[in-house]
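Have a look at structure28.cif below; it lists mmCIF, N, CA and C atoms and all ligand atoms.
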```cif
data_model
loop_
_atom_site.label_atom_id
_atom_site.label_comp_id
_atom_site.auth_asym_id
_atom_site.auth_seq_id
_atom_site.Cartn_x
_atom_site.Cartn_y
_atom_site.Cartn_z
N MET A 815 14.06 -11.43 0.84
CA MET A 815 13.01 -10.65 1.48
C MET A 815 13.58 -9.30 1.94
N ASN A 816 12.83 -8.27 1.69
CA ASN A 816 13.26 -6.93 2.07
C ASN A 816 12.90 -6.66 3.54
N HIS A 817 13.59 -7.36 4.44
CA HIS A 817 13.33 -7.19 5.87
C HIS A 817 14.59 -6.67 6.53
N GLY A 818 14.40 -5.78 7.50
CA GLY A 818 15.58 -5.26 8.18
C GLY A 818 15.90 -3.85 7.73
N THR A 819 15.14 -3.33 6.77
CA THR A 819 15.32 -1.94 6.37
C THR A 819 14.76 -1.05 7.49
N ASP A 820 15.10 0.23 7.45
CA ASP A 820 14.58 1.16 8.45
C ASP A 820 13.06 1.17 8.42
N GLN A 821 12.51 1.13 7.19
CA GLN A 821 11.06 1.17 7.03
C GLN A 821 10.41 -0.03 7.70
N ASP A 822 11.02 -1.23 7.51
CA ASP A 822 10.44 -2.42 8.14
C ASP A 822 10.59 -2.35 9.64
N ALA A 823 11.69 -1.83 10.13
CA ALA A 823 11.88 -1.72 11.58
C ALA A 823 10.77 -0.87 12.17
N ALA A 824 10.43 0.22 11.48
CA ALA A 824 9.36 1.09 11.97
C ALA A 824 8.02 0.36 11.94
N LEU A 825 7.80 -0.46 10.91
CA LEU A 825 6.54 -1.21 10.82
C LEU A 825 6.44 -2.25 11.94
N PHE A 826 7.56 -2.93 12.24
CA PHE A 826 7.56 -3.92 13.32
C PHE A 826 7.27 -3.25 14.66
N GLU A 827 7.88 -2.08 14.85
CA GLU A 827 7.68 -1.34 16.11
C GLU A 827 6.21 -0.93 16.27
N LEU A 828 5.65 -0.42 15.18
CA LEU A 828 4.24 0.02 15.22
C LEU A 828 3.29 -1.16 15.43
N ALA A 829 3.56 -2.28 14.77
CA ALA A 829 2.71 -3.47 14.91
C ALA A 829 2.76 -3.98 16.34
N GLU A 830 3.96 -3.95 16.92
CA GLU A 830 4.14 -4.39 18.31
C GLU A 830 3.36 -3.47 19.27
N ALA A 831 3.43 -2.17 19.02
CA ALA A 831 2.71 -1.21 19.87
C ALA A 831 1.20 -1.42 19.74
N ALA A 832 0.74 -1.67 18.52
CA ALA A 832 -0.70 -1.89 18.31
C ALA A 832 -1.14 -3.15 19.03
N LEU A 833 -0.34 -4.19 18.92
CA LEU A 833 -0.64 -5.49 19.56
C LEU A 833 -0.82 -5.33 21.07
N ARG A 834 -0.02 -4.45 21.67
CA ARG A 834 -0.12 -4.25 23.12
C ARG A 834 -1.47 -3.66 23.53
N ASN A 835 -2.17 -3.03 22.57
CA ASN A 835 -3.49 -2.47 22.87
C ASN A 835 -4.63 -3.36 22.38
N ALA A 836 -4.31 -4.55 21.89
CA ALA A 836 -5.36 -5.44 21.38
C ALA A 836 -6.35 -5.77 22.49
N HIS A 837 -7.61 -5.95 22.07
CA HIS A 837 -8.65 -6.36 23.02
C HIS A 837 -9.06 -7.78 22.63
N ALA A 838 -8.45 -8.76 23.27
CA ALA A 838 -8.67 -10.15 22.88
C ALA A 838 -8.91 -11.04 24.10
N PRO A 839 -9.94 -10.69 24.92
CA PRO A 839 -10.18 -11.46 26.15
C PRO A 839 -10.69 -12.87 25.88
N TYR A 840 -11.25 -13.12 24.70
CA TYR A 840 -11.86 -14.43 24.42
C TYR A 840 -10.86 -15.40 23.82
N SER A 841 -10.11 -14.95 22.83
CA SER A 841 -9.15 -15.85 22.17
C SER A 841 -7.78 -15.81 22.86
N GLY A 842 -7.45 -14.72 23.51
CA GLY A 842 -6.09 -14.57 24.06
C GLY A 842 -5.06 -14.42 22.96
N PHE A 843 -5.52 -14.16 21.74
CA PHE A 843 -4.65 -14.04 20.56
C PHE A 843 -4.56 -12.55 20.21
N HIS A 844 -3.46 -11.92 20.61
CA HIS A 844 -3.31 -10.47 20.46
C HIS A 844 -2.59 -10.17 19.15
N VAL A 845 -3.23 -9.40 18.29
CA VAL A 845 -2.68 -9.17 16.96
C VAL A 845 -2.46 -7.67 16.72
N GLY A 846 -1.33 -7.33 16.10
CA GLY A 846 -1.05 -5.96 15.69
C GLY A 846 -0.65 -5.97 14.22
N ALA A 847 -1.12 -5.00 13.48
CA ALA A 847 -0.74 -4.87 12.06
C ALA A 847 -0.31 -3.44 11.81
N ALA A 848 0.73 -3.28 11.00
CA ALA A 848 1.18 -1.94 10.61
C ALA A 848 1.45 -1.95 9.13
N LEU A 849 1.06 -0.88 8.46
CA LEU A 849 1.22 -0.82 7.01
C LEU A 849 1.85 0.48 6.57
N ARG A 850 2.48 0.41 5.40
CA ARG A 850 3.00 1.61 4.76
C ARG A 850 2.19 1.85 3.51
N SER A 851 1.71 3.07 3.31
CA SER A 851 0.92 3.39 2.13
C SER A 851 1.83 3.94 1.04
N ASP A 852 1.25 4.17 -0.12
CA ASP A 852 2.03 4.70 -1.25
C ASP A 852 2.51 6.13 -1.02
N SER A 853 1.96 6.80 -0.01
CA SER A 853 2.47 8.15 0.31
C SER A 853 3.66 8.08 1.24
N GLY A 854 3.95 6.88 1.76
CA GLY A 854 5.04 6.70 2.72
C GLY A 854 4.56 6.76 4.16
N ALA A 855 3.28 7.08 4.35
CA ALA A 855 2.74 7.16 5.72
C ALA A 855 2.55 5.77 6.31
N LEU A 856 2.63 5.68 7.63
CA LEU A 856 2.44 4.42 8.34
C LEU A 856 1.14 4.47 9.13
N HIS A 857 0.43 3.35 9.16
CA HIS A 857 -0.83 3.24 9.91
C HIS A 857 -0.86 1.88 10.58
N SER A 858 -1.60 1.79 11.69
CA SER A 858 -1.62 0.51 12.40
C SER A 858 -3.01 0.20 12.94
N GLY A 859 -3.18 -1.03 13.37
CA GLY A 859 -4.44 -1.46 13.97
C GLY A 859 -4.22 -2.68 14.82
N CYS A 860 -5.18 -2.96 15.70
CA CYS A 860 -5.13 -4.17 16.53
C CYS A 860 -6.48 -4.86 16.45
N ASN A 861 -6.52 -6.12 16.87
CA ASN A 861 -7.82 -6.80 16.87
C ASN A 861 -8.63 -6.37 18.08
N VAL A 862 -9.93 -6.27 17.88
CA VAL A 862 -10.87 -5.89 18.94
C VAL A 862 -11.99 -6.92 18.93
N GLU A 863 -12.07 -7.69 20.01
CA GLU A 863 -13.07 -8.77 20.06
C GLU A 863 -14.34 -8.30 20.75
N SER A 864 -15.42 -9.00 20.40
CA SER A 864 -16.73 -8.73 21.01
C SER A 864 -17.26 -10.02 21.62
N ALA A 865 -18.07 -9.89 22.67
CA ALA A 865 -18.70 -11.06 23.27
C ALA A 865 -19.63 -11.73 22.25
N ALA A 866 -20.12 -10.94 21.29
CA ALA A 866 -20.84 -11.50 20.14
C ALA A 866 -19.76 -11.76 19.09
N TYR A 867 -19.18 -12.94 19.09
CA TYR A 867 -17.93 -13.24 18.36
C TYR A 867 -17.83 -12.73 16.91
N PRO A 868 -18.91 -12.85 16.10
CA PRO A 868 -18.74 -12.40 14.69
C PRO A 868 -18.46 -10.91 14.56
N LEU A 869 -18.70 -10.15 15.62
CA LEU A 869 -18.47 -8.71 15.54
C LEU A 869 -17.00 -8.34 15.74
N THR A 870 -16.18 -9.32 16.00
CA THR A 870 -14.74 -9.11 16.19
C THR A 870 -14.10 -8.48 14.95
N THR A 871 -13.13 -7.58 15.18
CA THR A 871 -12.41 -6.95 14.07
C THR A 871 -10.96 -7.40 14.08
N CYS A 872 -10.45 -7.80 12.94
CA CYS A 872 -9.04 -8.21 12.81
C CYS A 872 -8.12 -6.98 12.79
N ALA A 873 -6.87 -7.20 13.17
CA ALA A 873 -5.88 -6.13 13.21
C ALA A 873 -5.62 -5.54 11.81
N GLU A 874 -5.55 -6.40 10.80
CA GLU A 874 -5.27 -5.93 9.44
C GLU A 874 -6.38 -5.00 8.96
N ARG A 875 -7.61 -5.43 9.25
CA ARG A 875 -8.78 -4.64 8.85
C ARG A 875 -8.77 -3.28 9.55
N ALA A 876 -8.40 -3.29 10.83
CA ALA A 876 -8.34 -2.03 11.60
C ALA A 876 -7.26 -1.11 11.02
N ALA A 877 -6.14 -1.68 10.58
CA ALA A 877 -5.06 -0.87 10.00
C ALA A 877 -5.52 -0.25 8.67
N ILE A 878 -6.26 -1.02 7.89
CA ILE A 878 -6.77 -0.50 6.61
C ILE A 878 -7.75 0.65 6.89
N THR A 879 -8.61 0.46 7.88
CA THR A 879 -9.57 1.51 8.24
C THR A 879 -8.83 2.79 8.65
N ALA A 880 -7.76 2.64 9.41
CA ALA A 880 -6.97 3.81 9.84
C ALA A 880 -6.36 4.52 8.63
N ALA A 881 -5.88 3.73 7.66
CA ALA A 881 -5.26 4.31 6.47
C ALA A 881 -6.29 5.06 5.63
N VAL A 882 -7.47 4.48 5.48
CA VAL A 882 -8.53 5.13 4.70
C VAL A 882 -9.00 6.39 5.42
N ARG A 883 -9.12 6.30 6.73
CA ARG A 883 -9.53 7.46 7.53
C ARG A 883 -8.55 8.63 7.35
N ALA A 884 -7.26 8.30 7.34
CA ALA A 884 -6.23 9.35 7.29
C ALA A 884 -5.98 9.86 5.88
N GLU A 885 -6.09 8.97 4.87
CA GLU A 885 -5.63 9.34 3.53
C GLU A 885 -6.71 9.28 2.45
N GLY A 886 -7.90 8.80 2.84
CA GLY A 886 -8.96 8.73 1.85
C GLY A 886 -8.99 7.39 1.14
N SER A 887 -10.06 7.16 0.39
CA SER A 887 -10.29 5.82 -0.16
C SER A 887 -9.39 5.48 -1.35
N ARG A 888 -8.62 6.45 -1.85
CA ARG A 888 -7.71 6.15 -2.96
C ARG A 888 -6.36 5.64 -2.45
N VAL A 889 -6.21 5.56 -1.14
CA VAL A 889 -4.93 5.11 -0.58
C VAL A 889 -4.59 3.70 -1.09
N ARG A 890 -3.31 3.49 -1.38
CA ARG A 890 -2.82 2.16 -1.81
C ARG A 890 -1.84 1.66 -0.74
N ILE A 891 -1.94 0.40 -0.41
CA ILE A 891 -1.06 -0.18 0.60
C ILE A 891 0.11 -0.88 -0.10
N VAL A 892 1.31 -0.57 0.37
CA VAL A 892 2.52 -1.10 -0.26
C VAL A 892 3.06 -2.31 0.52
N ARG A 893 3.04 -2.21 1.83
CA ARG A 893 3.63 -3.26 2.67
C ARG A 893 2.89 -3.32 4.00
N LEU A 894 2.70 -4.53 4.52
CA LEU A 894 2.01 -4.68 5.81
C LEU A 894 2.70 -5.76 6.64
N VAL A 895 2.96 -5.43 7.90
CA VAL A 895 3.56 -6.37 8.85
C VAL A 895 2.49 -6.76 9.86
N VAL A 896 2.35 -8.06 10.11
CA VAL A 896 1.40 -8.51 11.14
C VAL A 896 2.14 -9.36 12.17
N LEU A 897 1.84 -9.10 13.45
CA LEU A 897 2.47 -9.82 14.55
C LEU A 897 1.38 -10.30 15.51
N ALA A 898 1.57 -11.48 16.09
CA ALA A 898 0.61 -11.98 17.08
C ALA A 898 1.34 -12.53 18.30
N ARG A 899 0.74 -12.31 19.46
CA ARG A 899 1.29 -12.86 20.71
C ARG A 899 0.16 -13.47 21.54
N GLY A 900 0.47 -14.53 22.26
CA GLY A 900 -0.50 -15.17 23.16
C GLY A 900 -0.59 -14.43 24.47
N ARG A 901 -1.43 -14.94 25.37
CA ARG A 901 -1.62 -14.31 26.68
C ARG A 901 -0.31 -14.18 27.43
N ASP A 902 0.59 -15.15 27.23
CA ASP A 902 1.88 -15.16 27.94
C ASP A 902 2.92 -14.29 27.23
N GLY A 903 2.53 -13.63 26.15
CA GLY A 903 3.45 -12.74 25.44
C GLY A 903 4.30 -13.45 24.40
N GLN A 904 4.10 -14.76 24.27
CA GLN A 904 4.89 -15.51 23.29
C GLN A 904 4.48 -15.18 21.84
N LEU A 905 5.48 -14.97 21.00
CA LEU A 905 5.23 -14.67 19.58
C LEU A 905 4.59 -15.89 18.92
N LEU A 906 3.50 -15.67 18.17
CA LEU A 906 2.77 -16.78 17.54
C LEU A 906 2.67 -16.57 16.03
N PRO A 907 2.58 -17.66 15.27
CA PRO A 907 2.36 -17.52 13.83
C PRO A 907 1.03 -16.83 13.56
N ALA A 908 0.97 -16.00 12.54
CA ALA A 908 -0.29 -15.34 12.16
C ALA A 908 -0.27 -15.00 10.69
N THR A 909 -0.94 -15.83 9.91
CA THR A 909 -1.13 -15.48 8.50
C THR A 909 -2.50 -14.79 8.41
N PRO A 910 -2.58 -13.74 7.63
CA PRO A 910 -3.86 -13.00 7.55
C PRO A 910 -5.01 -13.91 7.11
N CYS A 911 -6.18 -13.72 7.71
CA CYS A 911 -7.34 -14.55 7.39
C CYS A 911 -7.85 -14.24 5.98
N GLY A 912 -8.72 -15.07 5.48
CA GLY A 912 -9.22 -14.93 4.11
C GLY A 912 -9.92 -13.60 3.87
N GLY A 913 -10.74 -13.19 4.84
CA GLY A 913 -11.48 -11.92 4.70
C GLY A 913 -10.53 -10.75 4.59
N CYS A 914 -9.48 -10.76 5.41
CA CYS A 914 -8.49 -9.66 5.37
C CYS A 914 -7.70 -9.70 4.07
N ARG A 915 -7.40 -10.88 3.58
CA ARG A 915 -6.68 -10.98 2.29
C ARG A 915 -7.50 -10.32 1.18
N GLN A 916 -8.80 -10.55 1.20
CA GLN A 916 -9.66 -9.94 0.18
C GLN A 916 -9.60 -8.42 0.27
N LEU A 917 -9.80 -7.90 1.48
CA LEU A 917 -9.81 -6.44 1.64
C LEU A 917 -8.44 -5.85 1.29
N LEU A 918 -7.37 -6.52 1.73
CA LEU A 918 -6.02 -6.04 1.42
C LEU A 918 -5.80 -5.99 -0.09
N SER A 919 -6.28 -7.01 -0.79
CA SER A 919 -6.08 -7.05 -2.25
C SER A 919 -6.77 -5.88 -2.94
N GLU A 920 -7.84 -5.37 -2.31
CA GLU A 920 -8.58 -4.26 -2.90
C GLU A 920 -7.87 -2.92 -2.68
N PHE A 921 -6.89 -2.91 -1.76
CA PHE A 921 -6.17 -1.67 -1.47
C PHE A 921 -4.70 -1.74 -1.87
N GLY A 922 -4.33 -2.73 -2.66
CA GLY A 922 -2.95 -2.79 -3.12
C GLY A 922 -2.65 -4.07 -3.88
N ALA A 923 -2.70 -3.98 -5.21
CA ALA A 923 -2.49 -5.16 -6.05
C ALA A 923 -1.08 -5.73 -5.85
N GLY A 924 -0.10 -4.85 -5.61
CA GLY A 924 1.29 -5.31 -5.47
C GLY A 924 1.74 -5.41 -4.02
N LEU A 925 0.81 -5.31 -3.12
CA LEU A 925 1.10 -5.28 -1.68
C LEU A 925 1.91 -6.50 -1.22
N GLU A 926 2.91 -6.27 -0.35
CA GLU A 926 3.69 -7.37 0.23
C GLU A 926 3.35 -7.50 1.71
N LEU A 927 3.14 -8.75 2.14
CA LEU A 927 2.80 -9.01 3.53
C LEU A 927 3.94 -9.72 4.24
N VAL A 928 4.24 -9.27 5.44
CA VAL A 928 5.30 -9.87 6.25
C VAL A 928 4.63 -10.47 7.49
N PHE A 929 4.87 -11.78 7.71
CA PHE A 929 4.18 -12.48 8.81
C PHE A 929 4.98 -13.72 9.20
N HIS A 930 4.64 -14.30 10.34
CA HIS A 930 5.25 -15.57 10.76
C HIS A 930 4.35 -16.70 10.28
N ASP A 931 4.91 -17.62 9.51
CA ASP A 931 4.11 -18.72 8.96
C ASP A 931 3.87 -19.79 10.05
N PRO A 932 3.06 -20.80 9.75
CA PRO A 932 2.73 -21.80 10.78
C PRO A 932 3.95 -22.49 11.40
N GLU A 933 5.10 -22.46 10.70
CA GLU A 933 6.33 -23.04 11.29
C GLU A 933 7.09 -22.00 12.12
N GLY A 934 6.56 -20.79 12.17
CA GLY A 934 7.20 -19.74 12.95
C GLY A 934 8.28 -18.99 12.17
N LYS A 935 8.37 -19.28 10.87
CA LYS A 935 9.37 -18.62 10.03
C LYS A 935 8.82 -17.28 9.52
N LEU A 936 9.67 -16.24 9.58
CA LEU A 936 9.26 -14.93 9.08
C LEU A 936 9.24 -14.97 7.55
N ARG A 937 8.09 -14.62 6.97
CA ARG A 937 7.94 -14.71 5.52
C ARG A 937 7.48 -13.37 4.97
N CYS A 938 7.81 -13.13 3.71
CA CYS A 938 7.30 -11.97 3.00
C CYS A 938 6.70 -12.47 1.70
N MET A 939 5.40 -12.23 1.51
CA MET A 939 4.73 -12.74 0.30
C MET A 939 3.85 -11.67 -0.32
N PRO A 940 3.81 -11.62 -1.65
CA PRO A 940 2.88 -10.69 -2.31
C PRO A 940 1.44 -11.17 -2.14
N ILE A 941 0.53 -10.23 -2.07
CA ILE A 941 -0.89 -10.57 -1.87
C ILE A 941 -1.39 -11.51 -2.98
N GLY A 942 -0.86 -11.35 -4.18
CA GLY A 942 -1.30 -12.19 -5.30
C GLY A 942 -1.00 -13.67 -5.08
N GLU A 943 0.00 -13.95 -4.25
CA GLU A 943 0.33 -15.35 -3.95
C GLU A 943 -0.55 -15.87 -2.80
N LEU A 944 -0.90 -14.97 -1.89
CA LEU A 944 -1.75 -15.36 -0.76
C LEU A 944 -3.22 -15.46 -1.17
N LEU A 945 -3.58 -14.70 -2.19
CA LEU A 945 -4.97 -14.72 -2.66
C LEU A 945 -5.00 -14.66 -4.19
N PRO A 946 -4.71 -15.79 -4.83
CA PRO A 946 -4.74 -15.78 -6.30
C PRO A 946 -6.17 -15.58 -6.80
N LEU A 947 -6.30 -14.96 -7.95
CA LEU A 947 -7.61 -14.74 -8.58
C LEU A 947 -8.60 -14.08 -7.63
N ALA A 948 -8.12 -13.02 -6.95
CA ALA A 948 -8.98 -12.31 -5.99
C ALA A 948 -10.23 -11.78 -6.67
N PHE A 949 -11.31 -11.80 -5.94
CA PHE A 949 -12.57 -11.27 -6.46
C PHE A 949 -12.48 -9.76 -6.63
N GLY A 950 -13.05 -9.25 -7.69
CA GLY A 950 -13.16 -7.82 -7.90
C GLY A 950 -14.39 -7.53 -8.74
N LEU A 951 -15.05 -6.43 -8.46
CA LEU A 951 -16.21 -6.05 -9.27
C LEU A 951 -15.72 -5.48 -10.60
N PRO A 952 -16.51 -5.62 -11.66
CA PRO A 952 -16.10 -5.03 -12.94
C PRO A 952 -15.99 -3.50 -12.80
N ASP A 953 -15.05 -2.93 -13.55
CA ASP A 953 -14.88 -1.47 -13.56
C ASP A 953 -16.17 -0.83 -14.04
N PRO A 954 -16.77 0.10 -13.27
CA PRO A 954 -18.04 0.71 -13.69
C PRO A 954 -17.89 1.55 -14.97
N GLY A 955 -16.62 1.84 -15.38
CA GLY A 955 -16.37 2.52 -16.65
C GLY A 955 -16.59 4.00 -16.62
N1 LIG A 1001 -7.21 -12.12 13.94
C1 LIG A 1001 -6.61 -11.02 13.39
O1 LIG A 1001 -6.57 -9.95 14.01
N2 LIG A 1001 -6.07 -11.14 12.15
C2 LIG A 1001 -6.08 -12.27 11.40
O2 LIG A 1001 -5.68 -12.24 10.23
C3 LIG A 1001 -6.58 -13.53 11.98
C4 LIG A 1001 -7.31 -13.40 13.27
C5 LIG A 1001 -7.79 -12.01 15.27
C6 LIG A 1001 -9.30 -12.10 15.31
C7 LIG A 1001 -9.54 -12.61 16.71
O3 LIG A 1001 -9.58 -11.51 17.61
C8 LIG A 1001 -8.31 -13.44 17.03
O4 LIG A 1001 -7.32 -13.05 16.09
C9 LIG A 1001 -8.53 -14.94 16.96
O5 LIG A 1001 -9.15 -15.29 15.78
#
```
Let me see the file written as structure tokens.
Ligand code: THU
Amino acid sequence: MNHGTDQDAALFELAEAALRNAHAPYSGFHVGAALRSDSGALHSGCNVESAAYPLTTCAERAAITAAVRAEGSRVRIVRLVVLARGRDGQLLPATPCGGCRQLLSEFGAGLELVFHDPEGKLRCMPIGELLPLAFGLPDPG
């Protein structure tokens, strides 16, 4: 796994900073995501919960929105780090949810995700392994 590079250190730092601003009063599950785009730029996001639960936004989705806002819709995501902490600040496993996997796959076919798996082990996996046979619309041609 390509972890421990300067680039990854910066992504971990950004994800941690984003997580500190998470708005998660209902779940107590604070999530931060940071990504590197194909231009080399870094973008981040945190989860924002709503009292109307389905309106909640995941950290990964927020990071993608930030990347599109800054670089336009042709932006490609190369690598994304996601971190989660509980109310007590303890590091928790967080694999990206199904909806985020779909959106991530649409912004980077070769994208690599770095996260803590359910056993708490730091893992790096390509999106194609996390979401095989991802849905895509036919090319309009
Ligand atoms: N959450 C994320 O931010 N990313 C994920 O991939 C999974 C879940 C957030 C949504 C909600 O605020 C909290 O974690 C609990 O589901």
Two-atom distance - atom C of Ile878 (chain A), atom C of Gly846 (chain A) (Å): 12.2 Å
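Going from CA of Ala923 (chain A) to atom C of Gly942 (chain A) covers 8.7 Å.
Using only N, CA and C atoms and all ligand atoms, the nearest neighbour of ligand LIG 1001 (chain A) within the list A:Ala866, A:Leu905, A:Val895, A:Cys872 is A:Cys872.
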Please identify all protein, DNA and RNA residues within 6.5 Å of ligand LIG 1001 (chain A), counting only N, CA and C atoms and all ligand atoms, and report them as a PyMOL selection string. chain A and resi 837-838+841+843-846+860-863+870-874+908-912+914
Where does DSSP see strand (DSSP E) in chain A, if you list the residues as a PyMOL selection string? chain A and resi 844-851+856-860+891-899+905-906+926-930+936-940
List the neighbours of Arg850 (chain A) out to 6 Å using only C-alpha atoms; skip same-chain residues closer than 3 positions along the sequence, and give me the result as a PyMOL selection string. chain A and resi 854-856+892-893
Since we have the selection now, will you write its residues out, keeping N, CA and C atoms, as a PDB file, in the frame of the given file?
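As a result, out-v9.pdb now contains:
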```pdb
ATOM      1  N   GLY A 854       3.950   6.880   1.760  1.00  0.00           N
ATOM      2  CA  GLY A 854       5.040   6.700   2.720  1.00  0.00           C
ATOM      3  C   GLY A 854       4.560   6.760   4.160  1.00  0.00           C
ATOM      4  N   ALA A 855       3.280   7.080   4.350  1.00  0.00           N
ATOM      5  CA  ALA A 855       2.740   7.160   5.720  1.00  0.00           C
ATOM      6  C   ALA A 855       2.550   5.770   6.310  1.00  0.00           C
ATOM      7  N   LEU A 856       2.630   5.680   7.630  1.00  0.00           N
ATOM      8  CA  LEU A 856       2.440   4.420   8.340  1.00  0.00           C
ATOM      9  C   LEU A 856       1.140   4.470   9.130  1.00  0.00           C
ATOM     10  N   VAL A 892       1.310  -0.570   0.370  1.00  0.00           N
ATOM     11  CA  VAL A 892       2.520  -1.100  -0.260  1.00  0.00           C
ATOM     12  C   VAL A 892       3.060  -2.310   0.520  1.00  0.00           C
ATOM     13  N   ARG A 893       3.040  -2.210   1.830  1.00  0.00           N
ATOM     14  CA  ARG A 893       3.630  -3.260   2.670  1.00  0.00           C
ATOM     15  C   ARG A 893       2.890  -3.320   4.000  1.00  0.00           C
TER      16      ARG A 893
END
```
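Using only N, CA and C atoms, the smallest distance between any of A:Leu897, A:Met939, A:Ile891, A:Leu869 and Phe826 (chain A) comes from A:Leu897.
Of the residues listed (A:His857, A:Arg883, A:Arg890, A:Arg901), A:Arg890 shows the shortest atom-to-atom separation from Gly922 (chain A); distances use all atoms listed in the file.
Distances from A:Pro839, A:Pro932, A:Ala824, A:Phe921 to Arg888 (chain A) were compared using all atoms listed in the file, and the smallest one belongs to A:Phe921.
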Looking only at the backbone, which of the residues in region 887-945 of chain A does DSSP tag as helix (DSSP H, G or I), as a PyMOL selection string? chain A and resi 912-920+941-944
Write out as a compact mmCIF listing (two decimals) with N, CA and C atoms, in the coordinates of the input the residues lying within 7 Å of Glu830 (chain A), counting all atoms listed in the file and excluding same-chain residues fewer than 3 positions away.
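Final output, saved to selection20.txt:
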```txt
# COMPACT_ATOMS: atom_id res chain seq x y z
N LEU A 825 7.80 -0.46 10.91
CA LEU A 825 6.54 -1.21 10.82
C LEU A 825 6.44 -2.25 11.94
N PHE A 826 7.56 -2.93 12.24
CA PHE A 826 7.56 -3.92 13.32
C PHE A 826 7.27 -3.25 14.66
N GLU A 827 7.88 -2.08 14.85
CA GLU A 827 7.68 -1.34 16.11
C GLU A 827 6.21 -0.93 16.27
N LEU A 833 -0.34 -4.19 18.92
CA LEU A 833 -0.64 -5.49 19.56
C LEU A 833 -0.82 -5.33 21.07
N ARG A 834 -0.02 -4.45 21.67
CA ARG A 834 -0.12 -4.25 23.12
C ARG A 834 -1.47 -3.66 23.53
N ASN A 835 -2.17 -3.03 22.57
CA ASN A 835 -3.49 -2.47 22.87
C ASN A 835 -4.63 -3.36 22.38
N GLY A 846 -1.33 -7.33 16.10
CA GLY A 846 -1.05 -5.96 15.69
C GLY A 846 -0.65 -5.97 14.22
N ALA A 847 -1.12 -5.00 13.48
CA ALA A 847 -0.74 -4.87 12.06
C ALA A 847 -0.31 -3.44 11.81
N ALA A 848 0.73 -3.28 11.00
CA ALA A 848 1.18 -1.94 10.61
C ALA A 848 1.45 -1.95 9.13
N LEU A 897 1.84 -9.10 13.45
CA LEU A 897 2.47 -9.82 14.55
C LEU A 897 1.38 -10.30 15.51
```
Could I see region 821-825 of chain A restored to all heavy atoms, set down as a JSON list (two decimals), in the frame of the given file?
```
[["chain", "number", "residue", "atom", "x", "y", "z"],
["A", 821, "GLN", "N", 12.51, 1.13, 7.19],
["A", 821, "GLN", "CA", 11.06, 1.17, 7.03],
["A", 821, "GLN", "C", 10.41, -0.03, 7.70],
["A", 821, "GLN", "O", 9.39, 0.09, 8.37],
["A", 821, "GLN", "CB", 10.70, 1.15, 5.53],
["A", 821, "GLN", "CG", 10.98, 2.46, 4.85],
["A", 821, "GLN", "CD", 9.76, 3.38, 4.85],
["A", 821, "GLN", "OE1", 8.79, 3.16, 5.56],
["A", 821, "GLN", "NE2", 9.81, 4.41, 4.04],
["A", 822, "ASP", "N", 11.02, -1.23, 7.51],
["A", 822, "ASP", "CA", 10.44, -2.42, 8.14],
["A", 822, "ASP", "C", 10.59, -2.35, 9.64],
["A", 822, "ASP", "O", 9.68, -2.76, 10.36],
["A", 822, "ASP", "CB", 11.10, -3.69, 7.60],
["A", 822, "ASP", "CG", 10.25, -4.33, 6.51],
["A", 822, "ASP", "OD1", 9.19, -3.77, 6.18],
["A", 822, "ASP", "OD2", 10.63, -5.39, 6.01],
["A", 823, "ALA", "N", 11.69, -1.83, 10.13],
["A", 823, "ALA", "CA", 11.88, -1.72, 11.58],
["A", 823, "ALA", "C", 10.77, -0.87, 12.17],
["A", 823, "ALA", "O", 10.20, -1.21, 13.22],
["A", 823, "ALA", "CB", 13.25, -1.12, 11.89],
["A", 824, "ALA", "N", 10.43, 0.22, 11.48],
["A", 824, "ALA", "CA", 9.36, 1.09, 11.97],
["A", 824, "ALA", "C", 8.02, 0.36, 11.94],
["A", 824, "ALA", "O", 7.20, 0.51, 12.86],
["A", 824, "ALA", "CB", 9.29, 2.35, 11.11],
["A", 825, "LEU", "N", 7.80, -0.46, 10.91],
["A", 825, "LEU", "CA", 6.54, -1.21, 10.82],
["A", 825, "LEU", "C", 6.44, -2.25, 11.94],
["A", 825, "LEU", "O", 5.38, -2.43, 12.55],
["A", 825, "LEU", "CB", 6.41, -1.90, 9.45],
["A", 825, "LEU", "CG", 6.08, -0.98, 8.27],
["A", 825, "LEU", "CD1", 6.07, -1.77, 6.96],
["A", 825, "LEU", "CD2", 4.71, -0.31, 8.46]]
```
